Amino acid sequence: MKIIIIGGVAGGATTAARIRRTNEAAEIILLEKGKYISYANCGLPYYIGGVIKEREKLFVQTPEAFSTRFRVDVRTENEVIFIDRKRKTVTVRQSSGDTYEESYDKLLISTGASPVRPPLPGIDLNGIFTLRNVADTDRIKEYINSHAPRKAVVIGAGFIGLEMAENLHAQGAKVSIVEMGNQVMAPIDFSMASLVHQHLMDKGVNLYLEQAVASFERDGKGLKVIFKNGQSISADIVILSIGVRPETTLARAAELKIGEAGGIAVNDYLQTSDESIYAIGDAIEFRHPITGKPWLNYLAGPANRQGRIVADNIQGAHIPYEGSIGTSIAKVFDMTVASTGLPGKRLRQAEINYMSSTIHPSSHAGYYPDAMPMSIKITFDPKTGKLYGGQIVGYDGVDKRIDEIALVIKHEGTIYDLMKVEQAYAPPFSSAKDPVAVAGYVAENIITGKVQPVYWRQLRDIEMENNFLLDVRTPDEFSLNTLPGAVNIPLDELRDRLDELPKDKMIYTFCAVGLRGYLAYRI
């Protein structure tokens with residue numbers, strides 16, 4: 001069997017290696033239009049920032065080493081420019097400009113995604129970059145070394161944008177982030193993103209939210225970024241991190257089916273509309289396990305899993321892919337931001353009824369040194385408790401908690417399953433009641449009516465004339481700040497002062513974290 005793989009970065013290289021591990025006889029040709037294969041795409045910002053010192057550490061495998069170990073015909077700087085499905089051939093263009101044809105029995109498309117670069121005036125000026133591959137990284141690194149930028153503008157506040165903001169800051173630049181939406185980190189809800197906003201501002205980063213870029217201009221030796229509202233900011237370097245779109249040029253030209261989300265449509269076995277052609281990674285769309293609707297998922301973990309599955313299916317297996325719930329994590333300066341499943345805003349868009357709970361536990365036992373705060377928000381079905389999503393913003397222990405929540409969601413579990421997860425406990429690592437379990441307990445209290453939560457948007461929009469805000473923190477805490485119009489009765493005095501509460505108004509109890517407010521509610 002002759003197998004051609006188009007694209008050799010994440011999923012493509014994984015597929016080639018898996019096929020060889022299970023089949024010594026197959027002829028495998030790996031065609032990659034760039035110079036490199038199997039490199040650490042997610043590590044690129046940290047090489048630019050100097051966290052990763054040696055460029056060579058970005059490369060998991062060199063083409064030569066990969067070819068030797070797996071007996072794969074690796075051809076870098078060989079770009080596939082056409083797929084002839086009837087003849088089962090691909091046309092390949094070499095770096096010299098010469099072209100040739102190669103036949104296949106099975107073909108895999110792993111072309112990834114390409115960065116969005118809108119046709120704005122001035123976007124091609126020197127000093128404006130996108131970051132997607134090693135060549136981009138080298139250009140940015142060289143520009144920083146030769147120009148020592150003092151002012152950097154990052155346009156787009158997704159994962160790469162925020163990681164670049166941190167690494168440019170580490171290089172001594174004053175950083176501004178421009179984002180068209182009202183928040184950074186689209187996979188999380190506004191309430192959780194607001195914690196990230198505060199952290200970014202504490203680090204001296206300028207945030208320009210709900211701002212669209214209209215054009216770029218040369219400004220002396222630097223650049224000027226002009227917004228649609230006429231406002232402008234100056235920069236020595238600009239990073240475009242507006243987003244990516246599936247690289248479907250080859251698939252479209254071959255008249256393969258493109259799905260409603262804009263990616264290559266595949267079936268459960270990752271076959272395209274042509275049974276001899278498979279596709280994986282950023283280039284495809286696949287249904288979301290919760291909504292059942294196709295979506296685009298630009299994550300390395302799922303791409304590598306797809307590569308393993310498709311390697312077996314190409315050889316005659318029938319292993320279905322279960323879909324991805326989009327589990328992701330990012331380091332934002334000192335903070336860790338993680339998400340899995342669907343946040344509230346996505347559930348509202350999908351018209352799925354849900355409730356949410358938010359808790360603010362510590363990363364480990366409070367009496368053990370260096371316990372750090374974290375915020376955990378989960379979304380769930382208000383009747384069955386089926387878990388829809390989880391979001392965590394914190395400083396320590398975020399990664400293991402988001403992975404636990406993700407595992408429950410992938411197994412179609414409920415908030416009751418969160419309560420049953422058995423975590424390893426010792427004071428340096430957790431509390432006897434782990435934050436994941438507490439998230440489940442709080443959700444159970446909501447579902448069973450032991451507490452009726454009010455969410456911040458509701459409280460913001462109600463008329464307070466006929467309502468009563470009860471702050472049950474200590475007098476010292478109350479003197480520092482509170483909500484407008486709130487009355488302070490400390491929790492431990494509440495039972496003896498119940499006659500001070502109105503009988504004819506709705507009472508909203510609150511504290512600093514939530515526990516004392518809940519205890520006051522029960523009283």
# chains A, B, ... in the order shown; residues from 1 in each chain; ligands from 1

$ select_by_dssp --residues "region 272-417 of chain A" --states "strand (DSSP E or B)" --output "ChimeraX atom specification"
/A:277-279,284-287,294-296,328-332,335-341,355-359,362,373-380,386-394,414

$ closest_atom_pairs --of "region 188-291 of chain A" --to "region 350-356 of chain A" --cutoff "12 Å" --atoms "only C-alpha atoms" --output "JSON lines"
{"residue": "A:Asp189", "atom": "CA", "partner": "A:Ser356", "partner_atom": "CA", "distance": 11.1}
{"residue": "A:Ser191", "atom": "CA", "partner": "A:Ser356", "partner_atom": "CA", "distance": 11.6}
{"residue": "A:His288", "atom": "CA", "partner": "A:Ala350", "partner_atom": "CA", "distance": 11.4}
{"residue": "A:Ile290", "atom": "CA", "partner": "A:Ile352", "partner_atom": "CA", "distance": 9.7}
{"residue": "A:Thr291", "atom": "CA", "partner": "A:Ala350", "partner_atom": "CA", "distance": 7.1}

$ write_last_selection --atoms "all heavy atoms" --output "mmCIF file, in the first residue's frame"
data_model
loop_
_atom_site.group_PDB
_atom_site.id
_atom_site.type_symbol
_atom_site.label_atom_id
_atom_site.label_comp_id
_atom_site.auth_asym_id
_atom_site.auth_seq_id
_atom_site.Cartn_x
_atom_site.Cartn_y
_atom_site.Cartn_z
ATOM 1 N N ASP A 189 -15.999 32.520 29.776
ATOM 2 C CA ASP A 189 -17.046 33.530 29.930
ATOM 3 C C ASP A 189 -16.450 34.857 30.403
ATOM 4 O O ASP A 189 -15.368 34.905 30.996
ATOM 5 C CB ASP A 189 -18.101 33.052 30.929
ATOM 6 C CG ASP A 189 -19.034 32.016 30.333
ATOM 7 O OD1 ASP A 189 -19.393 32.158 29.156
ATOM 8 O OD2 ASP A 189 -19.417 31.067 31.049
ATOM 9 N N SER A 191 -17.210 36.747 32.877
ATOM 10 C CA SER A 191 -16.963 36.833 34.321
ATOM 11 C C SER A 191 -15.593 36.272 34.686
ATOM 12 O O SER A 191 -14.908 36.796 35.569
ATOM 13 C CB SER A 191 -18.061 36.095 35.098
ATOM 14 O OG SER A 191 -18.176 34.754 34.641
ATOM 15 N N HIS A 288 -19.396 18.569 17.689
ATOM 16 C CA HIS A 288 -19.093 18.732 19.108
ATOM 17 C C HIS A 288 -19.878 17.696 19.895
ATOM 18 O O HIS A 288 -21.085 17.513 19.666
ATOM 19 C CB HIS A 288 -19.471 20.145 19.568
ATOM 20 C CG HIS A 288 -18.871 20.518 20.882
ATOM 21 N ND1 HIS A 288 -19.293 19.982 22.072
ATOM 22 C CD2 HIS A 288 -17.858 21.380 21.196
ATOM 23 C CE1 HIS A 288 -18.591 20.496 23.063
ATOM 24 N NE2 HIS A 288 -17.705 21.339 22.556
ATOM 25 N N ILE A 290 -21.203 17.720 22.701
ATOM 26 C CA ILE A 290 -22.332 18.225 23.500
ATOM 27 C C ILE A 290 -23.437 18.779 22.613
ATOM 28 O O ILE A 290 -24.614 18.437 22.769
ATOM 29 C CB ILE A 290 -21.849 19.295 24.500
ATOM 30 C CG1 ILE A 290 -20.888 18.664 25.526
ATOM 31 C CG2 ILE A 290 -23.042 19.942 25.226
ATOM 32 C CD1 ILE A 290 -20.243 19.656 26.467
ATOM 33 N N THR A 291 -23.089 19.612 21.648
ATOM 34 C CA THR A 291 -24.120 20.230 20.801
ATOM 35 C C THR A 291 -24.503 19.349 19.618
ATOM 36 O O THR A 291 -25.600 19.487 19.073
ATOM 37 C CB THR A 291 -23.630 21.577 20.239
ATOM 38 O OG1 THR A 291 -22.524 21.339 19.346
ATOM 39 C CG2 THR A 291 -23.187 22.511 21.355
#

$ closest_residue --among "A:Glu247, A:Glu32, A:Asp434, A:Glu285" --to "Gly7 (chain A)" --atoms "only C-alpha atoms"
A:Glu32

$ residues_around --residues "Gly34 (chain A)" --least-positions-apart "4" --cutoff "12 Å" --atoms "only C-alpha atoms" --output "PDB file with all heavy atoms, in the first residue's frame"
ATOM      1  N   ILE A   6      -0.013  14.648   3.375  1.00  0.00           N
ATOM      2  CA  ILE A   6       0.247  16.050   3.059  1.00  0.00           C
ATOM      3  C   ILE A   6       0.277  16.841   4.363  1.00  0.00           C
ATOM      4  O   ILE A   6      -0.746  17.025   5.018  1.00  0.00           O
ATOM      5  CB  ILE A   6      -0.829  16.624   2.123  1.00  0.00           C
ATOM      6  CG1 ILE A   6      -0.976  15.765   0.864  1.00  0.00           C
ATOM      7  CG2 ILE A   6      -0.497  18.063   1.744  1.00  0.00           C
ATOM      8  CD1 ILE A   6      -2.153  16.175  -0.017  1.00  0.00           C
ATOM      9  N   GLY A   7       1.446  17.321   4.754  1.00  0.00           N
ATOM     10  CA  GLY A   7       1.588  18.080   5.995  1.00  0.00           C
ATOM     11  C   GLY A   7       2.307  17.259   7.048  1.00  0.00           C
ATOM     12  O   GLY A   7       1.850  16.171   7.409  1.00  0.00           O
ATOM     13  N   GLY A   8       3.430  17.762   7.550  1.00  0.00           N
ATOM     14  CA  GLY A   8       4.256  16.959   8.441  1.00  0.00           C
ATOM     15  C   GLY A   8       4.494  17.550   9.814  1.00  0.00           C
ATOM     16  O   GLY A   8       5.500  17.249  10.450  1.00  0.00           O
ATOM     17  N   VAL A   9       3.565  18.398  10.301  1.00  0.00           N
ATOM     18  CA  VAL A   9       3.824  19.039  11.596  1.00  0.00           C
ATOM     19  C   VAL A   9       3.281  18.178  12.743  1.00  0.00           C
ATOM     20  O   VAL A   9       3.993  17.346  13.281  1.00  0.00           O
ATOM     21  CB  VAL A   9       3.265  20.471  11.633  1.00  0.00           C
ATOM     22  CG1 VAL A   9       3.572  21.124  12.974  1.00  0.00           C
ATOM     23  CG2 VAL A   9       3.904  21.297  10.522  1.00  0.00           C
ATOM     24  N   LEU A  30       5.865  11.453   3.054  1.00  0.00           N
ATOM     25  CA  LEU A  30       5.431  12.613   3.831  1.00  0.00           C
ATOM     26  C   LEU A  30       5.870  13.870   3.097  1.00  0.00           C
ATOM     27  O   LEU A  30       7.067  14.127   2.937  1.00  0.00           O
ATOM     28  CB  LEU A  30       6.043  12.562   5.237  1.00  0.00           C
ATOM     29  CG  LEU A  30       5.650  13.649   6.225  1.00  0.00           C
ATOM     30  CD1 LEU A  30       4.160  13.596   6.534  1.00  0.00           C
ATOM     31  CD2 LEU A  30       6.446  13.515   7.521  1.00  0.00           C
ATOM     32  N   SER A  38       7.358  18.118  12.378  1.00  0.00           N
ATOM     33  CA  SER A  38       7.260  17.690  13.781  1.00  0.00           C
ATOM     34  C   SER A  38       7.927  18.653  14.754  1.00  0.00           C
ATOM     35  O   SER A  38       8.758  18.270  15.568  1.00  0.00           O
ATOM     36  CB  SER A  38       7.878  16.286  13.927  1.00  0.00           C
ATOM     37  OG  SER A  38       7.507  15.684  15.137  1.00  0.00           O
ATOM     38  N   TYR A  39       7.542  19.938  14.666  1.00  0.00           N
ATOM     39  CA  TYR A  39       8.111  20.916  15.597  1.00  0.00           C
ATOM     40  C   TYR A  39       7.065  21.359  16.622  1.00  0.00           C
ATOM     41  O   TYR A  39       5.865  21.173  16.438  1.00  0.00           O
ATOM     42  CB  TYR A  39       8.702  22.118  14.868  1.00  0.00           C
ATOM     43  CG  TYR A  39       7.768  22.877  13.964  1.00  0.00           C
ATOM     44  CD1 TYR A  39       6.903  23.843  14.466  1.00  0.00           C
ATOM     45  CD2 TYR A  39       7.764  22.651  12.593  1.00  0.00           C
ATOM     46  CE1 TYR A  39       6.049  24.543  13.635  1.00  0.00           C
ATOM     47  CE2 TYR A  39       6.921  23.346  11.748  1.00  0.00           C
ATOM     48  CZ  TYR A  39       6.066  24.294  12.274  1.00  0.00           C
ATOM     49  OH  TYR A  39       5.220  24.990  11.451  1.00  0.00           O
ATOM     50  N   PRO A  63      13.851  16.064   9.777  1.00  0.00           N
ATOM     51  CA  PRO A  63      13.430  15.205   8.666  1.00  0.00           C
ATOM     52  C   PRO A  63      14.336  13.993   8.489  1.00  0.00           C
ATOM     53  O   PRO A  63      13.863  12.878   8.230  1.00  0.00           O
ATOM     54  CB  PRO A  63      13.508  16.147   7.455  1.00  0.00           C
ATOM     55  CG  PRO A  63      13.298  17.512   8.022  1.00  0.00           C
ATOM     56  CD  PRO A  63      13.961  17.479   9.353  1.00  0.00           C
ATOM     57  N   VAL A  74      10.555  11.320   3.610  1.00  0.00           N
ATOM     58  CA  VAL A  74      10.214  12.677   4.030  1.00  0.00           C
ATOM     59  C   VAL A  74      10.745  13.673   2.998  1.00  0.00           C
ATOM     60  O   VAL A  74      11.950  13.710   2.729  1.00  0.00           O
ATOM     61  CB  VAL A  74      10.800  13.005   5.419  1.00  0.00           C
ATOM     62  CG1 VAL A  74      10.435  14.428   5.822  1.00  0.00           C
ATOM     63  CG2 VAL A  74      10.302  12.015   6.466  1.00  0.00           C
ATOM     64  N   ARG A  75       9.845  14.468   2.450  1.00  0.00           N
ATOM     65  CA  ARG A  75      10.250  15.455   1.443  1.00  0.00           C
ATOM     66  C   ARG A  75       9.802  16.844   1.900  1.00  0.00           C
ATOM     67  O   ARG A  75       8.636  17.213   1.758  1.00  0.00           O
ATOM     68  CB  ARG A  75       9.637  15.124   0.087  1.00  0.00           C
ATOM     69  CG  ARG A  75       9.961  13.721  -0.419  1.00  0.00           C
ATOM     70  CD  ARG A  75       9.273  13.426  -1.742  1.00  0.00           C
ATOM     71  NE  ARG A  75       9.375  12.015  -2.105  1.00  0.00           N
ATOM     72  CZ  ARG A  75       8.768  11.471  -3.162  1.00  0.00           C
ATOM     73  NH1 ARG A  75       8.022  12.237  -3.967  1.00  0.00           N
ATOM     74  NH2 ARG A  75       8.907  10.180  -3.419  1.00  0.00           N
ATOM     75  N   THR A  76      10.718  17.597   2.486  1.00  0.00           N
ATOM     76  CA  THR A  76      10.403  18.970   2.879  1.00  0.00           C
ATOM     77  C   THR A  76      10.546  19.883   1.667  1.00  0.00           C
ATOM     78  O   THR A  76      11.159  19.525   0.663  1.00  0.00           O
ATOM     79  CB  THR A  76      11.326  19.441   4.013  1.00  0.00           C
ATOM     80  OG1 THR A  76      12.683  19.298   3.595  1.00  0.00           O
ATOM     81  CG2 THR A  76      11.103  18.612   5.270  1.00  0.00           C
ATOM     82  N   GLU A  77       9.963  21.073   1.787  1.00  0.00           N
ATOM     83  CA  GLU A  77       9.923  22.046   0.684  1.00  0.00           C
ATOM     84  C   GLU A  77       9.369  21.409  -0.595  1.00  0.00           C
ATOM     85  O   GLU A  77       9.798  21.705  -1.702  1.00  0.00           O
ATOM     86  CB  GLU A  77      11.314  22.655   0.450  1.00  0.00           C
ATOM     87  CG  GLU A  77      11.796  23.455   1.655  1.00  0.00           C
ATOM     88  CD  GLU A  77      13.105  24.174   1.388  1.00  0.00           C
ATOM     89  OE1 GLU A  77      14.166  23.527   1.490  1.00  0.00           O
ATOM     90  OE2 GLU A  77      13.062  25.379   1.084  1.00  0.00           O
ATOM     91  N   ASN A  78       8.403  20.517  -0.386  1.00  0.00           N
ATOM     92  CA  ASN A  78       7.652  19.892  -1.475  1.00  0.00           C
ATOM     93  C   ASN A  78       6.172  20.168  -1.214  1.00  0.00           C
ATOM     94  O   ASN A  78       5.567  19.552  -0.340  1.00  0.00           O
ATOM     95  CB  ASN A  78       7.908  18.386  -1.537  1.00  0.00           C
ATOM     96  CG  ASN A  78       9.167  18.028  -2.298  1.00  0.00           C
ATOM     97  OD1 ASN A  78       9.130  17.395  -3.343  1.00  0.00           O
ATOM     98  ND2 ASN A  78      10.321  18.431  -1.754  1.00  0.00           N
ATOM     99  N   GLU A  79       5.615  21.094  -1.955  1.00  0.00           N
ATOM    100  CA  GLU A  79       4.237  21.535  -1.714  1.00  0.00           C
ATOM    101  C   GLU A  79       3.276  20.869  -2.699  1.00  0.00           C
ATOM    102  O   GLU A  79       3.448  20.971  -3.924  1.00  0.00           O
ATOM    103  CB  GLU A  79       4.133  23.056  -1.863  1.00  0.00           C
ATOM    104  CG  GLU A  79       2.733  23.585  -1.622  1.00  0.00           C
ATOM    105  CD  GLU A  79       2.627  25.092  -1.830  1.00  0.00           C
ATOM    106  OE1 GLU A  79       3.627  25.708  -2.258  1.00  0.00           O
ATOM    107  OE2 GLU A  79       1.531  25.638  -1.567  1.00  0.00           O
ATOM    108  N   VAL A  80       2.266  20.197  -2.145  1.00  0.00           N
ATOM    109  CA  VAL A  80       1.219  19.618  -2.990  1.00  0.00           C
ATOM    110  C   VAL A  80       0.328  20.751  -3.473  1.00  0.00           C
ATOM    111  O   VAL A  80      -0.211  21.525  -2.674  1.00  0.00           O
ATOM    112  CB  VAL A  80       0.394  18.567  -2.226  1.00  0.00           C
ATOM    113  CG1 VAL A  80      -0.747  18.052  -3.104  1.00  0.00           C
ATOM    114  CG2 VAL A  80       1.281  17.412  -1.790  1.00  0.00           C
ATOM    115  N   ARG A  93       5.006  20.639  -6.089  1.00  0.00           N
ATOM    116  CA  ARG A  93       5.937  21.672  -6.538  1.00  0.00           C
ATOM    117  C   ARG A  93       7.126  21.725  -5.589  1.00  0.00           C
ATOM    118  O   ARG A  93       6.961  21.881  -4.373  1.00  0.00           O
ATOM    119  CB  ARG A  93       5.247  23.030  -6.606  1.00  0.00           C
ATOM    120  CG  ARG A  93       6.185  24.153  -7.093  1.00  0.00           C
ATOM    121  CD  ARG A  93       5.391  25.407  -7.427  1.00  0.00           C
ATOM    122  NE  ARG A  93       4.605  25.852  -6.284  1.00  0.00           N
ATOM    123  CZ  ARG A  93       3.441  26.494  -6.389  1.00  0.00           C
ATOM    124  NH1 ARG A  93       2.922  26.743  -7.578  1.00  0.00           N
ATOM    125  NH2 ARG A  93       2.796  26.883  -5.307  1.00  0.00           N
ATOM    126  N   GLN A  94       8.332  21.615  -6.147  1.00  0.00           N
ATOM    127  CA  GLN A  94       9.549  21.668  -5.343  1.00  0.00           C
ATOM    128  C   GLN A  94       9.997  23.117  -5.148  1.00  0.00           C
ATOM    129  O   GLN A  94       9.487  24.032  -5.795  1.00  0.00           O
ATOM    130  CB  GLN A  94      10.649  20.851  -6.029  1.00  0.00           C
ATOM    131  CG  GLN A  94      10.315  19.374  -6.157  1.00  0.00           C
ATOM    132  CD  GLN A  94      11.333  18.640  -7.016  1.00  0.00           C
ATOM    133  OE1 GLN A  94      11.482  18.934  -8.199  1.00  0.00           O
ATOM    134  NE2 GLN A  94      12.038  17.694  -6.401  1.00  0.00           N
ATOM    135  N   SER A  95      10.970  23.323  -4.273  1.00  0.00           N
ATOM    136  CA  SER A  95      11.461  24.676  -4.002  1.00  0.00           C
ATOM    137  C   SER A  95      12.084  25.306  -5.254  1.00  0.00           C
ATOM    138  O   SER A  95      12.112  26.533  -5.389  1.00  0.00           O
ATOM    139  CB  SER A  95      12.486  24.652  -2.867  1.00  0.00           C
ATOM    140  OG  SER A  95      13.560  23.771  -3.186  1.00  0.00           O
ATOM    141  N   THR A 111      -3.176  19.617   6.472  1.00  0.00           N
ATOM    142  CA  THR A 111      -2.614  20.908   6.050  1.00  0.00           C
ATOM    143  C   THR A 111      -2.749  22.004   7.103  1.00  0.00           C
ATOM    144  O   THR A 111      -2.260  23.114   6.905  1.00  0.00           O
ATOM    145  CB  THR A 111      -3.296  21.367   4.748  1.00  0.00           C
ATOM    146  OG1 THR A 111      -4.718  21.193   4.874  1.00  0.00           O
ATOM    147  CG2 THR A 111      -2.822  20.544   3.566  1.00  0.00           C
ATOM    148  N   ARG A 132       2.852  31.600  13.051  1.00  0.00           N
ATOM    149  CA  ARG A 132       2.223  30.305  12.827  1.00  0.00           C
ATOM    150  C   ARG A 132       3.240  29.182  12.689  1.00  0.00           C
ATOM    151  O   ARG A 132       2.932  28.043  12.997  1.00  0.00           O
ATOM    152  CB  ARG A 132       1.339  30.372  11.566  1.00  0.00           C
ATOM    153  CG  ARG A 132       0.495  29.141  11.307  1.00  0.00           C
ATOM    154  CD  ARG A 132      -0.546  28.943  12.379  1.00  0.00           C
ATOM    155  NE  ARG A 132      -1.265  27.689  12.216  1.00  0.00           N
ATOM    156  CZ  ARG A 132      -2.131  27.195  13.096  1.00  0.00           C
ATOM    157  NH1 ARG A 132      -2.384  27.843  14.217  1.00  0.00           N
ATOM    158  NH2 ARG A 132      -2.746  26.052  12.879  1.00  0.00           N
ATOM    159  N   ASN A 133       4.457  29.517  12.233  1.00  0.00           N
ATOM    160  CA  ASN A 133       5.430  28.461  11.979  1.00  0.00           C
ATOM    161  C   ASN A 133       6.839  28.939  12.319  1.00  0.00           C
ATOM    162  O   ASN A 133       7.038  30.061  12.806  1.00  0.00           O
ATOM    163  CB  ASN A 133       5.333  27.999  10.517  1.00  0.00           C
ATOM    164  CG  ASN A 133       5.447  29.159   9.539  1.00  0.00           C
ATOM    165  OD1 ASN A 133       6.229  30.082   9.748  1.00  0.00           O
ATOM    166  ND2 ASN A 133       4.635  29.129   8.489  1.00  0.00           N
ATOM    167  N   VAL A 134       7.813  28.083  12.052  1.00  0.00           N
ATOM    168  CA  VAL A 134       9.202  28.393  12.414  1.00  0.00           C
ATOM    169  C   VAL A 134       9.720  29.589  11.627  1.00  0.00           C
ATOM    170  O   VAL A 134      10.444  30.435  12.175  1.00  0.00           O
ATOM    171  CB  VAL A 134      10.097  27.156  12.184  1.00  0.00           C
ATOM    172  CG1 VAL A 134      11.563  27.505  12.444  1.00  0.00           C
ATOM    173  CG2 VAL A 134       9.663  26.013  13.099  1.00  0.00           C
ATOM    174  N   ALA A 135       9.354  29.673  10.351  1.00  0.00           N
ATOM    175  CA  ALA A 135       9.817  30.811   9.538  1.00  0.00           C
ATOM    176  C   ALA A 135       9.313  32.134  10.124  1.00  0.00           C
ATOM    177  O   ALA A 135      10.067  33.113  10.197  1.00  0.00           O
ATOM    178  CB  ALA A 135       9.343  30.642   8.095  1.00  0.00           C
ATOM    179  N   ASP A 136       8.036  32.167  10.546  1.00  0.00           N
ATOM    180  CA  ASP A 136       7.498  33.368  11.196  1.00  0.00           C
ATOM    181  C   ASP A 136       8.301  33.695  12.451  1.00  0.00           C
ATOM    182  O   ASP A 136       8.635  34.856  12.723  1.00  0.00           O
ATOM    183  CB  ASP A 136       6.030  33.156  11.589  1.00  0.00           C
ATOM    184  CG  ASP A 136       5.105  32.988  10.400  1.00  0.00           C
ATOM    185  OD1 ASP A 136       5.467  33.441   9.306  1.00  0.00           O
ATOM    186  OD2 ASP A 136       4.019  32.406  10.580  1.00  0.00           O
TER     187      ASP A 136
END

$ closest_residue --among "A:Thr340, A:Ser375, A:Ser67, A:Thr62" --to "Ile188 (chain A)" --atoms "only C-alpha atoms"
A:Thr340

$ atom_distance --atom1 "CA of Tyr388 (chain A)" --atom2 "CA of Ser339 (chain A)"
11.2 Å

$ atom_distance --atom1 "CA of Gly397 (chain A)" --atom2 "CA of Gly385 (chain A)"
24.8 Å

$ residues_around --residues "Cys511 (chain A)" --least-positions-apart "4" --cutoff "10 Å" --atoms "only C-alpha atoms" --output "ChimeraX atom specification"
/A:470-474,477-478,482,488,490-491,515-518,520

$ atom_distance --atom1 "CA of Met506 (chain A)" --atom2 "CA of Leu459 (chain A)"
11.7 Å

$ closest_residue --among "A:Gly389, A:Ser324, A:Val196, A:Trp295" --to "Met374 (chain A)" --atoms "only C-alpha atoms"
A:Val196

$ decode --residues "region 331-336 of chain A" --atoms "all heavy atoms" --output "PDB file, in the first residue's frame"
ATOM      1  N   LYS A 331      -0.768  29.882  29.840  1.00  0.00           N
ATOM      2  CA  LYS A 331      -0.086  30.670  30.865  1.00  0.00           C
ATOM      3  C   LYS A 331      -0.183  32.135  30.450  1.00  0.00           C
ATOM      4  O   LYS A 331       0.217  32.504  29.349  1.00  0.00           O
ATOM      5  CB  LYS A 331       1.372  30.231  30.973  1.00  0.00           C
ATOM      6  CG  LYS A 331       2.199  31.026  31.972  1.00  0.00           C
ATOM      7  CD  LYS A 331       3.639  30.529  31.971  1.00  0.00           C
ATOM      8  CE  LYS A 331       4.509  31.326  32.931  1.00  0.00           C
ATOM      9  NZ  LYS A 331       4.668  32.747  32.534  1.00  0.00           N
ATOM     10  N   VAL A 332      -0.723  32.971  31.325  1.00  0.00           N
ATOM     11  CA  VAL A 332      -0.831  34.405  31.067  1.00  0.00           C
ATOM     12  C   VAL A 332      -0.097  35.121  32.203  1.00  0.00           C
ATOM     13  O   VAL A 332      -0.651  35.305  33.288  1.00  0.00           O
ATOM     14  CB  VAL A 332      -2.304  34.859  30.981  1.00  0.00           C
ATOM     15  CG1 VAL A 332      -2.382  36.346  30.654  1.00  0.00           C
ATOM     16  CG2 VAL A 332      -3.073  34.042  29.956  1.00  0.00           C
ATOM     17  N   PHE A 333       1.159  35.464  31.968  1.00  0.00           N
ATOM     18  CA  PHE A 333       2.025  35.999  33.012  1.00  0.00           C
ATOM     19  C   PHE A 333       2.052  35.011  34.183  1.00  0.00           C
ATOM     20  O   PHE A 333       2.429  33.867  33.991  1.00  0.00           O
ATOM     21  CB  PHE A 333       1.590  37.403  33.423  1.00  0.00           C
ATOM     22  CG  PHE A 333       1.881  38.446  32.362  1.00  0.00           C
ATOM     23  CD1 PHE A 333       0.976  38.703  31.341  1.00  0.00           C
ATOM     24  CD2 PHE A 333       3.065  39.154  32.381  1.00  0.00           C
ATOM     25  CE1 PHE A 333       1.253  39.645  30.363  1.00  0.00           C
ATOM     26  CE2 PHE A 333       3.362  40.098  31.395  1.00  0.00           C
ATOM     27  CZ  PHE A 333       2.447  40.344  30.388  1.00  0.00           C
ATOM     28  N   ASP A 334       1.626  35.414  35.373  1.00  0.00           N
ATOM     29  CA  ASP A 334       1.676  34.513  36.529  1.00  0.00           C
ATOM     30  C   ASP A 334       0.427  33.636  36.624  1.00  0.00           C
ATOM     31  O   ASP A 334       0.368  32.735  37.452  1.00  0.00           O
ATOM     32  CB  ASP A 334       1.799  35.324  37.829  1.00  0.00           C
ATOM     33  CG  ASP A 334       3.011  36.237  37.822  1.00  0.00           C
ATOM     34  OD1 ASP A 334       4.018  35.864  37.202  1.00  0.00           O
ATOM     35  OD2 ASP A 334       2.944  37.329  38.421  1.00  0.00           O
ATOM     36  N   MET A 335      -0.551  33.900  35.797  1.00  0.00           N
ATOM     37  CA  MET A 335      -1.844  33.240  35.886  1.00  0.00           C
ATOM     38  C   MET A 335      -1.918  32.046  34.938  1.00  0.00           C
ATOM     39  O   MET A 335      -1.241  32.000  33.920  1.00  0.00           O
ATOM     40  CB  MET A 335      -2.945  34.238  35.506  1.00  0.00           C
ATOM     41  CG  MET A 335      -4.073  34.309  36.482  1.00  0.00           C
ATOM     42  SD  MET A 335      -5.206  35.659  36.037  1.00  0.00           S
ATOM     43  CE  MET A 335      -5.814  36.032  37.675  1.00  0.00           C
ATOM     44  N   THR A 336      -2.776  31.096  35.291  1.00  0.00           N
ATOM     45  CA  THR A 336      -3.106  29.993  34.398  1.00  0.00           C
ATOM     46  C   THR A 336      -4.594  30.066  34.093  1.00  0.00           C
ATOM     47  O   THR A 336      -5.413  30.225  35.006  1.00  0.00           O
ATOM     48  CB  THR A 336      -2.775  28.640  35.041  1.00  0.00           C
ATOM     49  OG1 THR A 336      -1.394  28.618  35.415  1.00  0.00           O
ATOM     50  CG2 THR A 336      -3.040  27.496  34.072  1.00  0.00           C
TER      51      THR A 336
END
